[in-house]
There are 2 protein chains.
Amino acid sequence: MDAPFSPAASSPADGGELFVDMMSQPSRACCFFVHLARLPLTRRQVILGRKEQLLDSFPNPLKQVPCLVERDGFVLPESSAILKYLADRHAVADHWYPRELRARARVNAALDWQHFSLRRGAAGVTWFSLIARNMGMKTDPGMARAMLNVLRGALGKLEKTWLTDEAPFMMGSSQPCIADLLVSEEIFNLTLLEAIDEDFGMPPTLDALLGEDHPRITRFLAACQDLDWTEWRSIHGILHTARDKMAAKKKTRSRM
Amino acid sequence: MDAPFSPAASSPADGGELFVDMMSQPSRACCFFVHLARLPLTRRQVILGRKEQLLDSFPNPLKQVPCLVERDGFVLPESSAILKYLADRHAVADHWYPRELRARARVNAALDWQHFSLRRGAAGVTWFSLIARNMGMKTDPGMARAMLNVLRGALGKLEKTWLTDEAPFMMGSSQPCIADLLVSEEIFNLTLLEAIDEDFGMPPTLDALLGEDHPRITRFLAACQDLDWTEWRSIHGILHTARDKMAAKKKTRSRM
């Protein structure tokens, strides 16, 4: 039997281990940050689809990814808390998580905002119309539609409040912060719209969802991808493969 | 016409203004913190039921409470970000938001966890079965039941993971942190269960929800109340009055 939690990197690193599933958008945000900030962490893959996070040997008592485990056994759950801790622990460039109190407070606010609005909507849309079925649970068109409303509201606020015309990243910055990574991954994850059965009435693609009303978001997503296009493609490989497989099985019941 | 955003305190304070609605659980958490940590802030009341947060003069572009506005015009939304900023800005006692990196990271993780689990469930239950109607929108029994499942899962994790037998507050501490305030207010808000129509099938009271399976949560709630019982009663007055009014109008359709 294969050992669970297989390492993706072969060399051990002193900064500890990051347990992730590349199908999880907060996991990808943490991996992208570790890469961009050149942090000495080993990536360990947990397959949520096989319920590996429920094994007794999985270190996070909340049974979620991502999860950080340092060499002396310190365990930290929650993507936003992990990003903040890693930024301070490894003293990364200030733009990622500014030390000045007000600038830091604005990043904290952006992280909290995305958690209850954008993430709730985006993850809700794909869960209730697609992922739930793959996890052996029921899809729910009513819940999916409710979450689509939450998502549309959040995209509107992102376009008009958090992004500006002056610079590509959140809050008018020319350099990314940790909130940019979590926010963009929630949106990139909506490539899964392409695999949702048509009778759920969801927008058929991320482009269709954004339309022409979100030029700042379109520029923001491009800027996030361009932070490192090769690595971006690498960490999205599993997501895109899964999307293509699910899209191939997509039913077009509404056409019948 | 009454001026909106009436101050509850008459003396101006140098630390700025905190815009709150005492029907909002994160607003109450911020107010309790300001009181317990003796911060020099003026409380300004925003009545969400009158949609005062949508007025052009309301300073938060996200149109939510709570919102902090400092004297020079610095605006900060999001309860969790506000609590962190106030703790650092006013150098409050360390137990509220520890300076040591790992202790701080654990508080950050607790705050993030509660936002997407406990708050989503608790606020969802009361919104979809009660508050939506008061705000001129539709209740939704299916969504309320789904959120009750999220809430029960979160209470289980709180009981078994975040609370211990050793001490009353989260993560085994004998003194409260800012996460304790946000978590307890989400639970105290469930006194609104008493006002939900019986045909929604919700637990009839908070006590009934907790039952006998959550002794740590029961002790935790008592410890949070006891931080200052007089102030606790004061900041919950509006909630309890609203609950009693709505409970008086409660329909018992399932009995007919």
# chains A, B, ... in the order shown; residues from 1 in each chain; ligands from 1
$ residues_around --residues "Ala222 (chain A)" --least-positions-apart "6" --cutoff "12 Å" --atoms "only C-alpha atoms" --output "list in words"
Pro168, Phe169, Asp180, Ser184, Glu185, Ile187, Phe188, Pro215, Arg216, Asp228, Trp229 and Trp232 of chain A
$ interface_residues --of "chain A" --to "chain B" --cutoff "9 Å" --atoms "only C-alpha atoms" --output "number ranges by chain"
A: 61-62, 74, 76-82, 84-85, 88-89, 101-102, 104-113, 115-116, 120, 142-143, 146, 157, 161
$ atom_distance --atom1 "CA of Met171 (chain B)" --atom2 "CA of His236 (chain B)"
25.6 Å
$ atom_distance --atom1 "CA of Arg152 (chain A)" --atom2 "CA of Ser174 (chain A)"
25.4 Å
$ closest_residue --among "A:Asp56, A:Glu186, A:Asp207, A:Glu212" --to "Pro26 (chain A)" --atoms "only C-alpha atoms"
A:Glu186
$ residues_around --residues "Met202 (chain A)" --least-positions-apart "2" --cutoff "9 Å" --atoms "only C-alpha atoms" --output "list in words"
Val125, Ser129, Ala144, Arg145, Leu148, Leu193, Ile196, Asp197, Glu198, Asp199, Phe200, Pro204, Thr205 and Leu209 of chain A
$ write_last_selection --atoms "all heavy atoms" --output "CSV table (one decimal), in the first residue's frame"
chain,number,residue,atom,x,y,z
A,125,VAL,N,-20.2,27.5,-4.7
A,125,VAL,CA,-20.7,27.2,-6.1
A,125,VAL,C,-20.1,25.9,-6.5
A,125,VAL,O,-20.9,25.0,-7.0
A,125,VAL,CB,-20.2,28.3,-7.0
A,125,VAL,CG1,-20.3,27.8,-8.5
A,125,VAL,CG2,-21.1,29.5,-6.9
A,129,SER,N,-22.5,22.1,-6.6
A,129,SER,CA,-22.9,21.7,-8.0
A,129,SER,C,-21.9,20.7,-8.6
A,129,SER,O,-22.2,20.1,-9.7
A,129,SER,CB,-22.9,22.9,-8.9
A,129,SER,OG,-21.7,23.6,-8.9
A,144,ALA,N,-26.3,26.0,-4.6
A,144,ALA,CA,-25.4,26.5,-5.6
A,144,ALA,C,-25.8,27.9,-6.1
A,144,ALA,O,-24.9,28.8,-6.2
A,144,ALA,CB,-25.2,25.5,-6.7
A,145,ARG,N,-27.1,28.0,-6.3
A,145,ARG,CA,-27.5,29.4,-6.8
A,145,ARG,C,-27.4,30.4,-5.7
A,145,ARG,O,-27.0,31.6,-6.0
A,145,ARG,CB,-29.0,29.3,-7.2
A,145,ARG,CG,-29.3,28.7,-8.6
A,145,ARG,CD,-30.7,29.0,-9.0
A,145,ARG,NE,-31.7,28.3,-8.2
A,145,ARG,CZ,-32.0,27.0,-8.3
A,145,ARG,NH1,-31.5,26.3,-9.3
A,145,ARG,NH2,-32.9,26.5,-7.5
A,148,LEU,N,-23.8,31.4,-5.7
A,148,LEU,CA,-23.5,32.2,-6.9
A,148,LEU,C,-23.8,33.6,-6.6
A,148,LEU,O,-23.1,34.5,-7.0
A,148,LEU,CB,-24.3,31.7,-8.1
A,148,LEU,CG,-24.0,32.4,-9.4
A,148,LEU,CD1,-22.5,32.3,-9.8
A,148,LEU,CD2,-24.9,31.9,-10.6
A,193,LEU,N,-16.0,25.7,-13.2
A,193,LEU,CA,-17.3,26.0,-13.8
A,193,LEU,C,-17.5,25.2,-15.1
A,193,LEU,O,-18.6,24.8,-15.4
A,193,LEU,CB,-17.5,27.5,-14.0
A,193,LEU,CG,-17.7,28.4,-12.8
A,193,LEU,CD1,-17.5,29.9,-13.2
A,193,LEU,CD2,-19.1,28.2,-12.3
A,196,ILE,N,-19.2,21.8,-14.6
A,196,ILE,CA,-20.5,21.7,-13.9
A,196,ILE,C,-21.6,21.4,-15.0
A,196,ILE,O,-21.7,22.0,-16.0
A,196,ILE,CB,-20.9,23.0,-13.2
A,196,ILE,CG1,-19.8,23.2,-12.1
A,196,ILE,CG2,-22.3,22.9,-12.6
A,196,ILE,CD1,-19.9,24.5,-11.3
A,197,ASP,N,-22.5,20.4,-14.6
A,197,ASP,CA,-23.6,20.1,-15.5
A,197,ASP,C,-24.4,21.4,-15.9
A,197,ASP,O,-24.7,22.2,-15.0
A,197,ASP,CB,-24.6,19.1,-14.9
A,197,ASP,CG,-24.0,17.7,-14.9
A,197,ASP,OD1,-22.8,17.5,-15.4
A,197,ASP,OD2,-24.7,16.8,-14.4
A,198,GLU,N,-24.9,21.4,-17.1
A,198,GLU,CA,-25.5,22.6,-17.6
A,198,GLU,C,-26.8,22.9,-16.9
A,198,GLU,O,-27.2,24.1,-16.7
A,198,GLU,CB,-25.8,22.6,-19.1
A,198,GLU,CG,-24.5,22.6,-19.9
A,198,GLU,CD,-24.6,22.7,-21.4
A,198,GLU,OE1,-25.8,22.8,-21.8
A,198,GLU,OE2,-23.6,22.6,-22.1
A,199,ASP,N,-27.5,21.9,-16.4
A,199,ASP,CA,-28.8,22.2,-15.8
A,199,ASP,C,-28.7,22.8,-14.4
A,199,ASP,O,-29.7,23.1,-13.8
A,199,ASP,CB,-29.7,20.9,-15.7
A,199,ASP,CG,-29.0,19.8,-15.0
A,199,ASP,OD1,-27.8,19.9,-14.7
A,199,ASP,OD2,-29.6,18.7,-14.8
A,200,PHE,N,-27.5,23.1,-13.9
A,200,PHE,CA,-27.4,23.8,-12.7
A,200,PHE,C,-27.5,25.3,-12.9
A,200,PHE,O,-27.6,26.1,-12.0
A,200,PHE,CB,-26.0,23.6,-12.0
A,200,PHE,CG,-26.0,22.3,-11.2
A,200,PHE,CD1,-25.6,21.1,-11.7
A,200,PHE,CD2,-26.4,22.3,-9.9
A,200,PHE,CE1,-25.6,19.9,-11.0
A,200,PHE,CE2,-26.4,21.2,-9.1
A,200,PHE,CZ,-26.0,20.0,-9.7
A,204,PRO,N,-21.0,29.2,-17.7
A,204,PRO,CA,-20.2,28.0,-18.3
A,204,PRO,C,-18.7,28.1,-18.1
A,204,PRO,O,-18.1,27.0,-18.1
A,204,PRO,CB,-20.6,28.0,-19.7
A,204,PRO,CG,-21.0,29.4,-20.1
A,204,PRO,CD,-21.6,30.0,-18.8
A,205,THR,N,-18.2,29.3,-17.9
A,205,THR,CA,-16.7,29.4,-17.7
A,205,THR,C,-16.4,30.6,-16.8
A,205,THR,O,-17.3,31.4,-16.5
A,205,THR,CB,-16.0,29.7,-19.1
A,205,THR,OG1,-16.5,31.0,-19.5
A,205,THR,CG2,-16.3,28.7,-20.1
A,209,LEU,N,-18.4,34.2,-16.3
A,209,LEU,CA,-18.7,34.8,-15.0
A,209,LEU,C,-18.3,36.2,-14.9
A,209,LEU,O,-19.0,37.1,-14.5
A,209,LEU,CB,-18.1,34.0,-13.9
A,209,LEU,CG,-18.3,34.5,-12.5
A,209,LEU,CD1,-19.7,34.5,-12.1
A,209,LEU,CD2,-17.4,33.8,-11.5
$ residues_around --residues "Gln25 (chain A)" --least-positions-apart "2" --cutoff "7 Å" --atoms "only C-alpha atoms" --output "list in words"
Met23, Ser27, Arg28, Ala29, Glu185, Glu186 and Asn189 of chain A
$ write_last_selection --atoms "N, CA and C atoms" --output "short mmCIF file (atom, residue, chain, number, x, y, z; two decimals), in the first residue's frame"
data_model
loop_
_atom_site.label_atom_id
_atom_site.label_comp_id
_atom_site.auth_asym_id
_atom_site.auth_seq_id
_atom_site.Cartn_x
_atom_site.Cartn_y
_atom_site.Cartn_z
N MET A 23 -5.75 20.23 -5.14
CA MET A 23 -7.12 20.54 -5.52
C MET A 23 -7.71 21.61 -4.58
N SER A 27 -4.48 25.64 -0.29
CA SER A 27 -3.21 24.90 -0.37
C SER A 27 -2.34 25.46 -1.47
N ARG A 28 -2.94 25.70 -2.64
CA ARG A 28 -2.15 26.25 -3.76
C ARG A 28 -1.58 27.62 -3.42
N ALA A 29 -2.38 28.45 -2.73
CA ALA A 29 -1.89 29.78 -2.35
C ALA A 29 -0.66 29.65 -1.45
N GLU A 185 -6.43 32.63 -5.96
CA GLU A 185 -6.65 31.18 -6.05
C GLU A 185 -8.13 30.83 -5.94
N GLU A 186 -8.89 31.56 -5.14
CA GLU A 186 -10.34 31.31 -5.09
C GLU A 186 -10.96 31.53 -6.46
N ASN A 189 -9.83 28.90 -9.15
CA ASN A 189 -10.50 27.62 -8.91
C ASN A 189 -11.81 27.51 -9.69
#
$ select_by_dssp --residues "region 81-198 of chain A" --states "helix (DSSP H, G or I)" --output "PyMOL selection string"
chain A and resi 81-89+94-96+101-116+118-134+141-162+170-172+178-195+198
$ atom_distance --atom1 "CA of Leu36 (chain B)" --atom2 "CA of Tyr97 (chain A)"
28.7 Å
$ select_by_dssp --residues "region 69-234 of chain B" --states "strand (DSSP E or B)" --output "list in words"
Val69, Val75, Leu76, Pro77, Phe169 and Ser173 of chain B
$ residues_around --residues "His90 (chain B)" --least-positions-apart "5" --cutoff "10 Å" --atoms "only C-alpha atoms" --output "VMD selection string"
chain B and resid 15 37 to 40 85
$ write_last_selection --atoms "C-alpha atoms" --output "tab-separated table (two decimals), in the first residue's frame"
chain	number	residue	atom	x	y	z
B	15	GLY	CA	-8.68	56.60	19.80
B	37	ALA	CA	-9.12	46.65	27.57
B	38	ARG	CA	-10.20	50.22	28.51
B	39	LEU	CA	-9.56	51.64	25.03
B	40	PRO	CA	-10.31	55.33	24.34
B	85	TYR	CA	-5.08	46.30	15.12
